[in-house]
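**Q** Right, I'll just put the structure down here and ask away after.
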Number of protein chains: 2
Amino acid sequence: MPVHSRYLDIAGKIRTRIEAGEWEPGARLPRLDDFAAEYGANRDTVARAIAVLEAEGYVWAVQGRGIAVRYGTMRPRRPRGDLVKRNEHATGYSFPSASGQEVWVRHGAAINAPARLDDPRIAKLLGVEPGAQVLRRFRVTGPASEAPFQINISWIHPRVADIVADVDADPAAGEWLYRIERAGHWPISWMEIHRARVPSKEEADVLGIPASLPVLEIVRVGSSGSDGKPVEVTEFVVASDRVETVHVLHRDPGAQQPWADPV
Amino acid sequence: MPVHSRYLDIAGKIRTRIEAGEWEPGARLPRLDDFAAEYGANRDTVARAIAVLEAEGYVWAVQGRGIAVRYGTMRPRRPRGDLVKRNEHATGYSFPSASGQEVWVRHGAAINAPARLDDPRIAKLLGVEPGAQVLRRFRVTGPASEAPFQINISWIHPRVADIVADVDADPAAGEWLYRIERAGHWPISWMEIHRARVPSKEEADVLGIPASLPVLEIVRVGSSGSDGKPVEVTEFVVASDRVETVHVLHRDPGAQQPWADPV
DNA sequence: TAGTGGTCTAGACCACGTC
DNA sequence: ACGTGGTCTAGACCACTAC
């Protein structure tokens with residue numbers, strides 16, 4: 001008694017079976033032809049059902065390889081707060097993006113090179129003209145035991161680029177930020193802008209997620225403590241089903257007790 | 001020279017035309033048959049292209065009505081911070097969800113009634129057992145001049161439910177929170193958990209968005225100032241392409257200047 | 001090269017909004 | 001009742017991965 005359309009009905013049935021643990025995360029599902037035979041539907045209809053489950057984060061289908069159950073939806077999302085701490089290097093920082101106990105590693109090579117900043121949105125946040133020459137740091141990080149977790153791109157303002165051009169320490173260390181602060185910008189203050197969007201095809205490939213699965217995009221702006229103007233902008237991109245952010249709301253000074261104490 | 005598949009190619013062409021302003025937001029696009037004829041593709045292929053643009057927030061297709069260009073992607077997203085202020089009622093609050101200059105109104109009737117809280121996640125945050133009887137406040141709000149902006153569901157803890165059971169003031173007033181605080185829970189402190197997900201069909205219908213467009217889900221937990229335990233949990237659901245959240249990062253007390261001043 | 005998912009077509013029928 | 005988008009099928013072919 002399908003209350004939905006056929007493919008949504010099939011998607012629902014497969015979703016239930018995944019949640020019931022019929023296949024382990026990482027395991028491969030039956031082929032489209034098998035599902036089609038089992039549910040008495042056309043293979044194309046099953047393919048649409050799988051596309052739904054991809055957008056929801058349940059599975060990841062790759063041509064020639066098969067359909068794998070994803071981990072994201074099955075495990076708790078990683079919390080991400082708004083507190084900046086010192087890390088074990090004492091001069092570096094531990095940002096909320098790296099909170100947690102695991103050791104974060106870099107997946108693949110980091111790229112640290114001059115580049116044109118063409119994105120007008122990022123350029124405005126960094127306080128430069130679109131097309132300006134800046135230092136760009138690209139890296140992909142995540143827990144050592146897992147697939148890549150987040151993409152991480154920093155654009156460093158020209159006025160401090162030469163200070164950090166040769167820094168290539170491990171991703172969580174924040175050594176380059178220390179150098180900027182040491183050079184007269186202490187203390188850097190940070191602001192973040194969060195939003196959800198669909199990934200580009202390149203981002204989806206790097207993160208190993210379906211192109212239809214939304215990502216959380218966080219743009220962090222670091223501003224100099226001396227003149228208040230931006231010194232770096234960093235963009236984080238992470239699969240939306242693998243993270244949730246936690247925020248403590250702050251009271252405006254004017255939002256105090258509105259009644260007189262009955263003293 | 002399609003570098004993509006046919007339907008992604010068509011989606012790209014239509015996307016470009018929308019961004020170029022060929023159709024005003026709110027206007028109707030040509031029919032599927034027209035696009036099919038224009039691009040020399042099957043109607044079903046065009047329908048897949050439209051589905052892509054729906055998930056990206058560009059259009060909203062409804063059976064029997066046609067395909068309309070959406071506003072969301074074309075205009076700036078609304079910023080949403082983490083500061084709680086007093087509102088014009090002096091005893092109510094203005095939450096970041098309602099920041100901005102517009103007058104927010106309720107779309108349709110508010111529902112304010114006892115209900116079973118079956119969602120285990122919400123129940124845990126409210127500090128009650130799943131299935132517990134709580135007071136539930138449902139409302140849909142947004143700027144007066146626009147379509148519904150966000151869904152807004154509060155679950156009120158049984159220990160304070162009778163205090164606010166009859167309150168039905170306008171959505172931004174926060175009168176019910178004042179009553180709770182007045183009853184011995186001053187000051188309530190709030191924490192938010194943000195994540196992105198796909199909407200349920202019901203949520204998509206209420207918000208007037210495609211079911212494939214991701215939403216931002218914010219769960220706010222308000223805890224009593226007297227015992228620190230939750231008194232209310234409110235869930236906000238808003239189309240992900242209409243909002244971005246802004247957060248100021250805070251320094252841990254230990255993250256101070258790591259070098260000695262050269263006095 | 002084999003196997004798997006991805007896409008496309010033509011045609012049919014269904015579902016929903018509007019008149 | 002009509003017009004529109006939504007879905008489904010059978011069959012074909014393409015694209016990518018793994019061997």
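To be explicit about the labels: the chains of the structure tokens are called A, B, and onward in the order shown, and within each one the residues are counted from 1, while ligands get numbers from 1 in the order they are shown.
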Against stretch 239-263 of chain B, which residues of stretch 129-211 of chain A fall within 10 Å? For each one I want the closest pair of atoms and the distance in Å (one decimal), counting only C-alpha atoms, rows by chain and increasing residue number, as CSV.
**A**
```
residue,atom,partner,partner_atom,distance
A:Tyr178,CA,B:Pro258,CA,8.8
A:Glu181,CA,B:Gln257,CA,9.0
A:Arg182,CA,B:Trp259,CA,8.3
A:Trp186,CA,B:Gln257,CA,7.6
A:Pro187,CA,B:Gln257,CA,7.6
A:Ser189,CA,B:Leu249,CA,7.4
A:Trp190,CA,B:Leu249,CA,5.4
A:Met191,CA,B:Val248,CA,4.4
A:Glu192,CA,B:His247,CA,5.0
A:Ile193,CA,B:Val246,CA,4.6
A:His194,CA,B:Thr245,CA,5.1
A:Arg195,CA,B:Glu244,CA,4.9
A:Ala196,CA,B:Ser240,CA,5.7
A:Arg197,CA,B:Ser240,CA,7.2
```
**Q** Can you work out which residues from chain A touch chain C at a cut-off of 8 Å (counting only C-alpha atoms (C1' of nucleotides)) and hand them back as a list in words?
**A**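 The answer, sorted by residue number, is Arg31, Leu32, Ala61, Val62, Gln63, Gly64, Arg65 and Gly66 of chain A.
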**Q** Taking a cut-off of 10 Å and counting only C-alpha atoms (C1' of nucleotides), can you build a table that, for each residue of chain D near chain B, reports the nearest atom pair and how far apart they are in Å (one decimal), sorted by chain then residue number, as a Markdown table?
**A**
```
| residue | atom | partner | partner_atom | distance |
| --- | --- | --- | --- | --- |
| D:DG3 | C1' | B:Gly64 | CA | 6.9 |
| D:DT4 | C1' | B:Gly64 | CA | 4.2 |
| D:DG5 | C1' | B:Gln63 | CA | 4.3 |
| D:DG6 | C1' | B:Gln63 | CA | 7.2 |
| D:DT7 | C1' | B:Asp44 | CA | 9.5 |
| D:DC14 | C1' | B:Ser5 | CA | 9.8 |
```
**Q** Pairing the C-alpha atoms in order across the whole chain, superpose chain A onto chain B by least squares and write the result as an mmCIF file with C-alpha atoms, in the first residue's frame.
**A**
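result.cif was written with the following content:
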```cif
data_model
loop_
_atom_site.group_PDB
_atom_site.id
_atom_site.type_symbol
_atom_site.label_atom_id
_atom_site.label_comp_id
_atom_site.auth_asym_id
_atom_site.auth_seq_id
_atom_site.Cartn_x
_atom_site.Cartn_y
_atom_site.Cartn_z
ATOM 1 C CA MET A 1 30.063 20.415 -25.949
ATOM 2 C CA PRO A 2 28.446 19.062 -22.831
ATOM 3 C CA VAL A 3 31.109 18.170 -20.321
ATOM 4 C CA HIS A 4 28.369 16.957 -18.023
ATOM 5 C CA SER A 5 25.567 14.613 -18.618
ATOM 6 C CA ARG A 6 22.661 15.950 -20.593
ATOM 7 C CA TYR A 7 20.428 16.893 -17.662
ATOM 8 C CA LEU A 8 23.237 18.572 -15.729
ATOM 9 C CA ASP A 9 24.103 20.460 -18.875
ATOM 10 C CA ILE A 10 20.537 21.644 -19.260
ATOM 11 C CA ALA A 11 20.343 22.477 -15.571
ATOM 12 C CA GLY A 12 23.440 24.589 -15.945
ATOM 13 C CA LYS A 13 22.009 26.476 -18.890
ATOM 14 C CA ILE A 14 18.747 27.209 -17.147
ATOM 15 C CA ARG A 15 20.622 28.174 -13.977
ATOM 16 C CA THR A 16 22.664 30.683 -15.939
ATOM 17 C CA ARG A 17 19.531 32.155 -17.476
ATOM 18 C CA ILE A 18 17.912 32.503 -14.058
ATOM 19 C CA GLU A 19 20.991 34.205 -12.629
ATOM 20 C CA ALA A 20 21.038 36.514 -15.615
ATOM 21 C CA GLY A 21 17.567 37.638 -14.613
ATOM 22 C CA GLU A 22 15.700 36.285 -17.596
ATOM 23 C CA TRP A 23 12.797 35.553 -15.294
ATOM 24 C CA GLU A 24 11.908 37.571 -12.200
ATOM 25 C CA PRO A 25 11.737 35.802 -8.855
ATOM 26 C CA GLY A 26 8.210 34.531 -8.555
ATOM 27 C CA ALA A 27 7.716 34.328 -12.302
ATOM 28 C CA ARG A 28 6.920 31.084 -14.089
ATOM 29 C CA LEU A 29 9.389 29.282 -16.296
ATOM 30 C CA PRO A 30 8.502 27.708 -19.634
ATOM 31 C CA ARG A 31 6.838 24.326 -19.498
ATOM 32 C CA LEU A 32 8.813 21.110 -19.508
ATOM 33 C CA ASP A 33 7.664 20.471 -23.068
ATOM 34 C CA ASP A 34 8.908 23.878 -24.167
ATOM 35 C CA PHE A 35 12.315 23.339 -22.613
ATOM 36 C CA ALA A 36 12.449 19.862 -24.119
ATOM 37 C CA ALA A 37 11.776 21.272 -27.583
ATOM 38 C CA GLU A 38 14.212 24.118 -27.096
ATOM 39 C CA TYR A 39 17.087 21.937 -25.967
ATOM 40 C CA GLY A 40 16.201 18.983 -28.157
ATOM 41 C CA ALA A 41 15.926 16.639 -25.214
ATOM 42 C CA ASN A 42 13.300 14.384 -23.808
ATOM 43 C CA ARG A 43 10.821 15.880 -21.398
ATOM 44 C CA ASP A 44 11.912 13.472 -18.683
ATOM 45 C CA THR A 45 15.483 14.656 -19.064
ATOM 46 C CA VAL A 46 14.361 18.247 -18.574
ATOM 47 C CA ALA A 47 12.397 17.173 -15.520
ATOM 48 C CA ARG A 48 15.599 15.808 -14.009
ATOM 49 C CA ALA A 49 17.347 19.079 -14.716
ATOM 50 C CA ILE A 50 14.560 20.939 -12.939
ATOM 51 C CA ALA A 51 14.893 18.573 -9.980
ATOM 52 C CA VAL A 52 18.532 19.612 -9.657
ATOM 53 C CA LEU A 53 17.606 23.282 -9.663
ATOM 54 C CA GLU A 54 14.981 22.570 -7.022
ATOM 55 C CA ALA A 55 17.549 21.043 -4.669
ATOM 56 C CA GLU A 56 19.789 24.029 -5.246
ATOM 57 C CA GLY A 57 17.006 26.426 -4.358
ATOM 58 C CA TYR A 58 16.580 28.094 -7.717
ATOM 59 C CA VAL A 59 13.079 26.956 -8.573
ATOM 60 C CA TRP A 60 10.001 25.438 -7.056
ATOM 61 C CA ALA A 61 7.965 23.141 -9.252
ATOM 62 C CA VAL A 62 4.399 22.206 -8.345
ATOM 63 C CA GLN A 63 2.193 19.783 -10.186
ATOM 64 C CA GLY A 64 -0.508 21.490 -12.142
ATOM 65 C CA ARG A 65 0.858 24.940 -11.432
ATOM 66 C CA GLY A 66 4.202 25.205 -13.145
ATOM 67 C CA ILE A 67 7.788 26.003 -12.290
ATOM 68 C CA ALA A 68 8.419 29.217 -10.375
ATOM 69 C CA VAL A 69 11.685 31.012 -9.753
ATOM 70 C CA ARG A 70 12.406 31.158 -6.020
ATOM 71 C CA TYR A 71 13.521 34.183 -4.097
ATOM 72 C CA GLY A 72 15.900 32.495 -1.714
ATOM 73 C CA THR A 73 18.986 32.178 -3.818
ATOM 74 C CA MET A 74 18.676 35.578 -5.377
ATOM 75 C CA ARG A 75 18.693 37.709 -2.269
ATOM 76 C CA PRO A 76 21.098 37.990 0.639
ATOM 77 C CA ARG A 77 20.596 35.465 3.358
ATOM 78 C CA ARG A 78 19.418 36.734 6.698
ATOM 79 C CA PRO A 79 22.147 36.894 9.299
ATOM 80 C CA ARG A 80 21.462 35.178 12.589
ATOM 81 C CA GLY A 81 23.698 35.797 15.559
ATOM 82 C CA ASP A 82 23.888 34.583 19.122
ATOM 83 C CA LEU A 83 22.763 37.622 21.096
ATOM 84 C CA VAL A 84 19.551 37.703 23.127
ATOM 85 C CA LYS A 85 18.073 41.158 23.562
ATOM 86 C CA ARG A 86 15.069 42.736 25.167
ATOM 87 C CA ASN A 87 12.323 43.418 22.675
ATOM 88 C CA GLU A 88 9.917 46.335 22.534
ATOM 89 C CA HIS A 89 7.739 44.713 25.171
ATOM 90 C CA ALA A 90 10.519 45.244 27.714
ATOM 91 C CA THR A 91 9.709 41.966 29.436
ATOM 92 C CA GLY A 92 9.998 39.786 26.334
ATOM 93 C CA TYR A 93 13.045 38.751 24.359
ATOM 94 C CA SER A 94 14.287 39.268 20.849
ATOM 95 C CA PHE A 95 16.092 36.140 19.749
ATOM 96 C CA PRO A 96 18.603 35.993 16.947
ATOM 97 C CA SER A 97 16.053 34.114 14.870
ATOM 98 C CA ALA A 98 13.987 37.257 14.638
ATOM 99 C CA SER A 99 16.806 39.715 14.154
ATOM 100 C CA GLY A 100 16.258 42.303 11.481
ATOM 101 C CA GLN A 101 14.022 45.235 10.969
ATOM 102 C CA GLU A 102 10.934 43.645 9.515
ATOM 103 C CA VAL A 103 7.771 43.020 11.412
ATOM 104 C CA TRP A 104 7.404 39.315 11.988
ATOM 105 C CA VAL A 105 3.980 37.868 11.864
ATOM 106 C CA ARG A 106 2.445 34.546 12.409
ATOM 107 C CA HIS A 107 1.351 32.691 9.299
ATOM 108 C CA GLY A 108 -1.819 30.793 10.027
ATOM 109 C CA ALA A 109 -3.031 29.758 13.418
ATOM 110 C CA ALA A 110 -0.754 28.988 16.330
ATOM 111 C CA ILE A 111 -1.356 25.745 18.117
ATOM 112 C CA ASN A 112 -0.829 25.695 21.822
ATOM 113 C CA ALA A 113 -1.821 22.426 23.377
ATOM 114 C CA PRO A 114 -0.738 19.509 25.518
ATOM 115 C CA ALA A 115 0.982 16.778 23.547
ATOM 116 C CA ARG A 116 3.035 13.651 23.869
ATOM 117 C CA LEU A 117 6.741 14.197 23.279
ATOM 118 C CA ASP A 118 7.758 11.102 21.350
ATOM 119 C CA ASP A 119 10.974 12.342 19.762
ATOM 120 C CA PRO A 120 13.700 10.813 21.957
ATOM 121 C CA ARG A 121 16.240 13.437 20.954
ATOM 122 C CA ILE A 122 14.044 16.346 22.018
ATOM 123 C CA ALA A 123 12.884 14.484 25.112
ATOM 124 C CA LYS A 124 16.457 13.989 26.247
ATOM 125 C CA LEU A 125 17.249 17.657 25.736
ATOM 126 C CA LEU A 126 14.171 18.656 27.727
ATOM 127 C CA GLY A 127 15.023 16.205 30.460
ATOM 128 C CA VAL A 128 11.871 14.104 30.275
ATOM 129 C CA GLU A 129 11.130 10.537 29.278
ATOM 130 C CA PRO A 130 10.100 9.931 25.653
ATOM 131 C CA GLY A 131 6.305 9.873 25.490
ATOM 132 C CA ALA A 132 5.969 12.323 28.376
ATOM 133 C CA GLN A 133 3.098 14.771 28.417
ATOM 134 C CA VAL A 134 4.299 18.329 27.730
ATOM 135 C CA LEU A 135 2.945 21.628 26.463
ATOM 136 C CA ARG A 136 3.585 22.118 22.758
ATOM 137 C CA ARG A 137 3.553 25.454 20.957
ATOM 138 C CA PHE A 138 3.520 25.347 17.151
ATOM 139 C CA ARG A 139 3.754 28.410 14.987
ATOM 140 C CA VAL A 140 4.949 29.506 11.575
ATOM 141 C CA THR A 141 6.499 32.941 11.356
ATOM 142 C CA GLY A 142 8.199 35.272 8.947
ATOM 143 C CA PRO A 143 8.285 38.818 7.605
ATOM 144 C CA ALA A 144 4.835 40.131 6.855
ATOM 145 C CA SER A 145 5.521 40.634 3.167
ATOM 146 C CA GLU A 146 6.834 37.175 2.425
ATOM 147 C CA ALA A 147 6.011 33.522 2.387
ATOM 148 C CA PRO A 148 6.483 31.618 5.659
ATOM 149 C CA PHE A 149 10.083 31.802 6.782
ATOM 150 C CA GLN A 150 10.416 29.413 9.656
ATOM 151 C CA ILE A 151 8.628 26.709 11.579
ATOM 152 C CA ASN A 152 8.788 27.099 15.271
ATOM 153 C CA ILE A 153 7.894 24.381 17.775
ATOM 154 C CA SER A 154 8.358 24.719 21.518
ATOM 155 C CA TRP A 155 8.074 21.971 24.077
ATOM 156 C CA ILE A 156 7.557 23.267 27.579
ATOM 157 C CA HIS A 157 8.605 21.220 30.581
ATOM 158 C CA PRO A 158 5.703 19.910 32.689
ATOM 159 C CA ARG A 159 6.932 21.707 35.781
ATOM 160 C CA VAL A 160 6.242 25.109 34.174
ATOM 161 C CA ALA A 161 3.559 24.188 31.647
ATOM 162 C CA ASP A 162 0.665 25.462 33.747
ATOM 163 C CA ILE A 163 2.328 28.859 34.024
ATOM 164 C CA VAL A 164 2.198 29.527 30.311
ATOM 165 C CA ALA A 165 -0.669 27.348 29.139
ATOM 166 C CA ASP A 166 -2.907 30.280 28.310
ATOM 167 C CA VAL A 167 -0.337 32.596 26.728
ATOM 168 C CA ASP A 168 -0.911 33.269 23.066
ATOM 169 C CA ALA A 169 0.774 36.580 22.346
ATOM 170 C CA ASP A 170 2.478 37.515 19.104
ATOM 171 C CA PRO A 171 5.329 35.270 18.116
ATOM 172 C CA ALA A 172 8.311 37.471 18.872
ATOM 173 C CA ALA A 173 7.131 38.754 22.194
ATOM 174 C CA GLY A 174 8.451 36.048 24.432
ATOM 175 C CA GLU A 175 5.824 36.780 27.056
ATOM 176 C CA TRP A 176 5.690 33.139 28.065
ATOM 177 C CA LEU A 177 9.401 33.130 28.814
ATOM 178 C CA TYR A 178 8.922 36.125 31.087
ATOM 179 C CA ARG A 179 6.322 34.233 33.024
ATOM 180 C CA ILE A 180 8.606 31.270 33.490
ATOM 181 C CA GLU A 181 11.425 33.495 34.709
ATOM 182 C CA ARG A 182 9.073 35.374 37.040
ATOM 183 C CA ALA A 183 8.052 32.045 38.551
ATOM 184 C CA GLY A 184 11.477 31.448 40.013
ATOM 185 C CA HIS A 185 13.651 30.470 37.063
ATOM 186 C CA TRP A 186 15.422 33.788 36.410
ATOM 187 C CA PRO A 187 17.601 33.981 34.474
ATOM 188 C CA ILE A 188 17.014 31.413 31.760
ATOM 189 C CA SER A 189 20.169 30.593 29.825
ATOM 190 C CA TRP A 190 20.076 29.306 26.272
ATOM 191 C CA MET A 191 22.117 26.955 24.153
ATOM 192 C CA GLU A 192 21.564 26.116 20.508
ATOM 193 C CA ILE A 193 22.358 23.060 18.410
ATOM 194 C CA HIS A 194 22.484 23.660 14.659
ATOM 195 C CA ARG A 195 22.468 21.169 11.828
ATOM 196 C CA ALA A 196 21.377 20.830 8.227
ATOM 197 C CA ARG A 197 19.085 18.110 6.954
ATOM 198 C CA VAL A 198 16.429 17.452 4.357
ATOM 199 C CA PRO A 199 12.939 18.521 5.389
ATOM 200 C CA SER A 200 10.040 16.205 5.930
ATOM 201 C CA LYS A 201 7.323 16.471 3.312
ATOM 202 C CA GLU A 202 5.110 18.280 5.814
ATOM 203 C CA GLU A 203 7.810 20.833 6.619
ATOM 204 C CA ALA A 204 8.463 21.445 2.931
ATOM 205 C CA ASP A 205 4.757 22.065 2.326
ATOM 206 C CA VAL A 206 4.472 24.516 5.210
ATOM 207 C CA LEU A 207 7.544 26.470 4.155
ATOM 208 C CA GLY A 208 6.663 26.381 0.481
ATOM 209 C CA ILE A 209 9.946 24.857 -0.610
ATOM 210 C CA PRO A 210 10.927 21.808 -2.631
ATOM 211 C CA ALA A 211 11.239 18.661 -0.557
ATOM 212 C CA SER A 212 14.794 18.257 -1.800
ATOM 213 C CA LEU A 213 15.998 21.653 -0.558
ATOM 214 C CA PRO A 214 17.971 21.271 2.687
ATOM 215 C CA VAL A 215 16.799 23.086 5.794
ATOM 216 C CA LEU A 216 18.695 24.441 8.766
ATOM 217 C CA GLU A 217 17.406 22.939 11.996
ATOM 218 C CA ILE A 218 18.109 24.829 15.188
ATOM 219 C CA VAL A 219 17.230 23.339 18.545
ATOM 220 C CA ARG A 220 17.357 25.846 21.369
ATOM 221 C CA VAL A 221 17.422 24.654 24.957
ATOM 222 C CA GLY A 222 16.434 27.070 27.711
ATOM 223 C CA SER A 223 17.546 26.164 31.220
ATOM 224 C CA SER A 224 16.394 27.529 34.536
ATOM 225 C CA GLY A 225 18.602 30.008 36.335
ATOM 226 C CA SER A 226 17.764 28.410 39.646
ATOM 227 C CA ASP A 227 18.565 24.737 39.132
ATOM 228 C CA GLY A 228 20.192 24.780 35.690
ATOM 229 C CA LYS A 229 17.797 22.192 34.324
ATOM 230 C CA PRO A 230 15.815 22.639 31.084
ATOM 231 C CA VAL A 231 12.465 24.417 31.130
ATOM 232 C CA GLU A 232 11.827 24.601 27.385
ATOM 233 C CA VAL A 233 13.140 23.321 24.083
ATOM 234 C CA THR A 234 12.346 25.122 20.828
ATOM 235 C CA GLU A 235 13.026 23.793 17.346
ATOM 236 C CA PHE A 236 13.392 26.183 14.413
ATOM 237 C CA VAL A 237 13.306 24.969 10.835
ATOM 238 C CA VAL A 238 14.197 27.348 8.012
ATOM 239 C CA ALA A 239 15.156 26.921 4.362
ATOM 240 C CA SER A 240 18.935 26.667 4.262
ATOM 241 C CA ASP A 241 19.275 29.097 1.379
ATOM 242 C CA ARG A 242 17.538 31.891 3.234
ATOM 243 C CA VAL A 243 19.707 32.201 6.289
ATOM 244 C CA GLU A 244 23.292 32.210 7.409
ATOM 245 C CA THR A 245 24.388 32.300 11.013
ATOM 246 C CA VAL A 246 27.078 34.572 12.379
ATOM 247 C CA HIS A 247 29.129 33.601 15.396
ATOM 248 C CA VAL A 248 31.846 35.354 17.325
ATOM 249 C CA LEU A 249 34.474 32.938 18.568
ATOM 250 C CA HIS A 250 35.503 33.284 22.176
ATOM 251 C CA ARG A 251 38.942 32.772 23.574
ATOM 252 C CA ASP A 252 39.538 30.290 26.286
ATOM 253 C CA PRO A 253 41.058 32.083 29.306
ATOM 254 C CA GLY A 254 44.193 30.057 28.730
ATOM 255 C CA ALA A 255 44.705 31.292 25.197
ATOM 256 C CA GLN A 256 46.617 34.405 26.058
ATOM 257 C CA GLN A 257 49.726 36.071 24.705
ATOM 258 C CA PRO A 258 52.357 33.355 24.534
ATOM 259 C CA TRP A 259 55.395 35.581 24.573
ATOM 260 C CA ALA A 260 56.738 38.045 27.119
ATOM 261 C CA ASP A 261 56.266 41.705 26.412
ATOM 262 C CA PRO A 262 59.547 43.425 25.604
ATOM 263 C CA VAL A 263 59.141 46.014 28.296
#
```
**Q** Based on the backbone DSSP call, show me all residues of stretch 131-200 of chain A assigned helix (DSSP H, G or I), as an MDAnalysis selection string.
**A** chainID A and resid 158:164 175:185
